[in-house]
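Novice: The structure is given below, and queries will be raised subsequently.
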Amino acid sequence: RLGAQRHEYEYSIPLTDANEMLDTLCGAIIEKTRHLVPFGAHLWEVDEFHGDNSGLIVAEVELTAVNEAFARPDWVGVEVTEDARYYNVALVSKPYNTWNQTLTTPEWDEREY
């Protein structure tokens, strides 16, 4: 499910199961370094992408509710939560380095995904 609110499951997976999932369920791999940045009452996840998505940096914060108020750091740029181009599933098939690099005139067709 895409959008601002999603289900997440976080628990340990046996290494053999994880390797099988990667080998059989995943095509391309998104390369990124995740930086954890505390700000206000929240922990921000700042992803610095590499490879075909090099140059893209995305920051996100997990909230307890979609309408929860939060302190927005001054280093956070344009809001892209609803922009499907930034989802990992989209970055695999249309990497950042293929985009028209302006947010105002994206060359994008959401129907592709």
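Chain labels A, B, ... are given in the sequence in which chains occur in the structure tokens; within each chain residues are numbered consecutively from 1, and ligands are likewise numbered from 1 in the order shown.
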For the structure I just gave you, how does DSSP split segment 3-80 of chain A - specifically, which residues are strand (DSSP E)? Reply as a count of residues only.
Specialist: 21
Novice: Neighbouring residues of segment 35-50 of chain A were defined as those with any atom within 8 Å, considering only C-alpha atoms; residues of the same chain fewer than 6 positions away were excluded. Please report them as a PDB file with all heavy atoms, in the first residue's frame.
Specialist:
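Now in part08.pdb:
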ATOM      1  N   LEU A  56      19.954  11.670  -4.787  1.00  0.00           N
ATOM      2  CA  LEU A  56      18.650  11.777  -4.139  1.00  0.00           C
ATOM      3  C   LEU A  56      18.810  11.570  -2.641  1.00  0.00           C
ATOM      4  O   LEU A  56      19.459  10.623  -2.197  1.00  0.00           O
ATOM      5  CB  LEU A  56      17.690  10.721  -4.707  1.00  0.00           C
ATOM      6  CG  LEU A  56      16.298  10.646  -4.074  1.00  0.00           C
ATOM      7  CD1 LEU A  56      15.548  11.964  -4.257  1.00  0.00           C
ATOM      8  CD2 LEU A  56      15.508   9.489  -4.672  1.00  0.00           C
ATOM      9  N   ILE A  57      18.236  12.470  -1.870  1.00  0.00           N
ATOM     10  CA  ILE A  57      18.206  12.346  -0.415  1.00  0.00           C
ATOM     11  C   ILE A  57      16.763  12.551   0.020  1.00  0.00           C
ATOM     12  O   ILE A  57      16.129  13.547  -0.350  1.00  0.00           O
ATOM     13  CB  ILE A  57      19.130  13.372   0.268  1.00  0.00           C
ATOM     14  CG1 ILE A  57      20.576  13.125  -0.157  1.00  0.00           C
ATOM     15  CG2 ILE A  57      18.976  13.314   1.780  1.00  0.00           C
ATOM     16  CD1 ILE A  57      21.564  14.153   0.347  1.00  0.00           C
ATOM     17  N   VAL A  58      16.233  11.597   0.771  1.00  0.00           N
ATOM     18  CA  VAL A  58      14.847  11.645   1.220  1.00  0.00           C
ATOM     19  C   VAL A  58      14.823  11.536   2.740  1.00  0.00           C
ATOM     20  O   VAL A  58      15.475  10.656   3.304  1.00  0.00           O
ATOM     21  CB  VAL A  58      14.015  10.502   0.589  1.00  0.00           C
ATOM     22  CG1 VAL A  58      12.605  10.483   1.149  1.00  0.00           C
ATOM     23  CG2 VAL A  58      13.987  10.632  -0.924  1.00  0.00           C
ATOM     24  N   ALA A  59      14.074  12.422   3.378  1.00  0.00           N
ATOM     25  CA  ALA A  59      13.922  12.393   4.828  1.00  0.00           C
ATOM     26  C   ALA A  59      12.477  12.040   5.158  1.00  0.00           C
ATOM     27  O   ALA A  59      11.548  12.520   4.518  1.00  0.00           O
ATOM     28  CB  ALA A  59      14.266  13.757   5.425  1.00  0.00           C
ATOM     29  N   GLU A  60      12.315  11.173   6.146  1.00  0.00           N
ATOM     30  CA  GLU A  60      10.958  10.842   6.578  1.00  0.00           C
ATOM     31  C   GLU A  60      10.925  10.701   8.085  1.00  0.00           C
ATOM     32  O   GLU A  60      11.937  10.461   8.734  1.00  0.00           O
ATOM     33  CB  GLU A  60      10.437   9.586   5.899  1.00  0.00           C
ATOM     34  CG  GLU A  60      11.134   8.314   6.264  1.00  0.00           C
ATOM     35  CD  GLU A  60      10.526   7.113   5.558  1.00  0.00           C
ATOM     36  OE1 GLU A  60      10.712   6.979   4.337  1.00  0.00           O
ATOM     37  OE2 GLU A  60       9.872   6.309   6.245  1.00  0.00           O
ATOM     38  N   VAL A  61       9.731  10.883   8.600  1.00  0.00           N
ATOM     39  CA  VAL A  61       9.523  10.774  10.037  1.00  0.00           C
ATOM     40  C   VAL A  61       8.296   9.898  10.254  1.00  0.00           C
ATOM     41  O   VAL A  61       7.316   9.994   9.515  1.00  0.00           O
ATOM     42  CB  VAL A  61       9.348  12.173  10.682  1.00  0.00           C
ATOM     43  CG1 VAL A  61       8.134  12.903  10.145  1.00  0.00           C
ATOM     44  CG2 VAL A  61       9.310  12.082  12.188  1.00  0.00           C
ATOM     45  N   GLU A  62       8.368   8.992  11.227  1.00  0.00           N
ATOM     46  CA  GLU A  62       7.222   8.156  11.551  1.00  0.00           C
ATOM     47  C   GLU A  62       6.403   8.841  12.624  1.00  0.00           C
ATOM     48  O   GLU A  62       6.926   9.264  13.653  1.00  0.00           O
ATOM     49  CB  GLU A  62       7.680   6.780  12.027  1.00  0.00           C
ATOM     50  CG  GLU A  62       8.220   5.945  10.902  1.00  0.00           C
ATOM     51  CD  GLU A  62       8.357   4.482  11.278  1.00  0.00           C
ATOM     52  OE1 GLU A  62       7.688   4.015  12.223  1.00  0.00           O
ATOM     53  OE2 GLU A  62       9.152   3.807  10.610  1.00  0.00           O
ATOM     54  N   PHE A  70       4.225  17.911  14.282  1.00  0.00           N
ATOM     55  CA  PHE A  70       5.638  17.613  14.517  1.00  0.00           C
ATOM     56  C   PHE A  70       6.480  18.816  14.129  1.00  0.00           C
ATOM     57  O   PHE A  70       6.067  19.647  13.316  1.00  0.00           O
ATOM     58  CB  PHE A  70       6.085  16.368  13.730  1.00  0.00           C
ATOM     59  CG  PHE A  70       5.979  16.498  12.243  1.00  0.00           C
ATOM     60  CD1 PHE A  70       7.071  16.915  11.482  1.00  0.00           C
ATOM     61  CD2 PHE A  70       4.794  16.203  11.585  1.00  0.00           C
ATOM     62  CE1 PHE A  70       6.981  17.031  10.109  1.00  0.00           C
ATOM     63  CE2 PHE A  70       4.691  16.320  10.202  1.00  0.00           C
ATOM     64  CZ  PHE A  70       5.789  16.735   9.467  1.00  0.00           C
ATOM     65  N   ALA A  71       7.653  18.905  14.744  1.00  0.00           N
ATOM     66  CA  ALA A  71       8.587  19.975  14.414  1.00  0.00           C
ATOM     67  C   ALA A  71       9.273  19.623  13.102  1.00  0.00           C
ATOM     68  O   ALA A  71       9.798  18.522  12.945  1.00  0.00           O
ATOM     69  CB  ALA A  71       9.617  20.126  15.533  1.00  0.00           C
ATOM     70  N   PRO A  73      12.287  20.226  10.629  1.00  0.00           N
ATOM     71  CA  PRO A  73      13.625  20.825  10.565  1.00  0.00           C
ATOM     72  C   PRO A  73      13.758  21.766   9.368  1.00  0.00           C
ATOM     73  O   PRO A  73      13.130  21.546   8.325  1.00  0.00           O
ATOM     74  CB  PRO A  73      14.554  19.619  10.388  1.00  0.00           C
ATOM     75  CG  PRO A  73      13.732  18.427  10.700  1.00  0.00           C
ATOM     76  CD  PRO A  73      12.305  18.779  10.482  1.00  0.00           C
TER      77      PRO A  73
END
Novice: Using only C-alpha atoms, which of A:Thr64, A:Asn53, A:Thr81, A:Thr24 sits nearest Asn97 of chain A?
Specialist: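 Residue with the minimum atom-to-atom distance to Asn97 of chain A: A:Asn53.
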Novice: Mind the document's chain letters and residue numbers, and return as a VMD selection string the residues of chain A that DSSP labels alpha helix (DSSP H).
Specialist: chain A and resid 15 to 25 88 to 93
Novice: Could you tell me how far atom CA of Leu91 of chain A lies from atom CA of Asp52 of chain A, in Å and to one decimal?
Specialist: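 These atoms are spaced 8.7 Å apart.
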Novice: Using Å and a single decimal, report how far atom CA of Asn67 of chain A sits from atom CA of Val89 of chain A.
Specialist: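 Atom-to-atom, atom CA of Val89 of chain A and atom CA of Asn67 of chain A are spaced 25.2 Å apart.
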Novice: Can you work out the spacing between atom CA of Cys26 of chain A and atom CA of Thr98 of chain A in Å, to one decimal?
Specialist: 21.2 Å
Novice: Looking at only C-alpha atoms, which of A:Leu25, A:Lys32, A:Ala69, A:Val76 is the one that sits closest to Asn88 of chain A?
Specialist: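 Closest candidate: A:Lys32.
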Novice: Of the candidates A:Gly51, A:Val92, A:Asp83, A:Arg72, which one gets nearest to Ala28 of chain A if we count only C-alpha atoms?
Specialist: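 Checking each of A:Gly51, A:Val92, A:Asp83, A:Arg72 against Ala28 of chain A, counting only C-alpha atoms, the winner is A:Val92.
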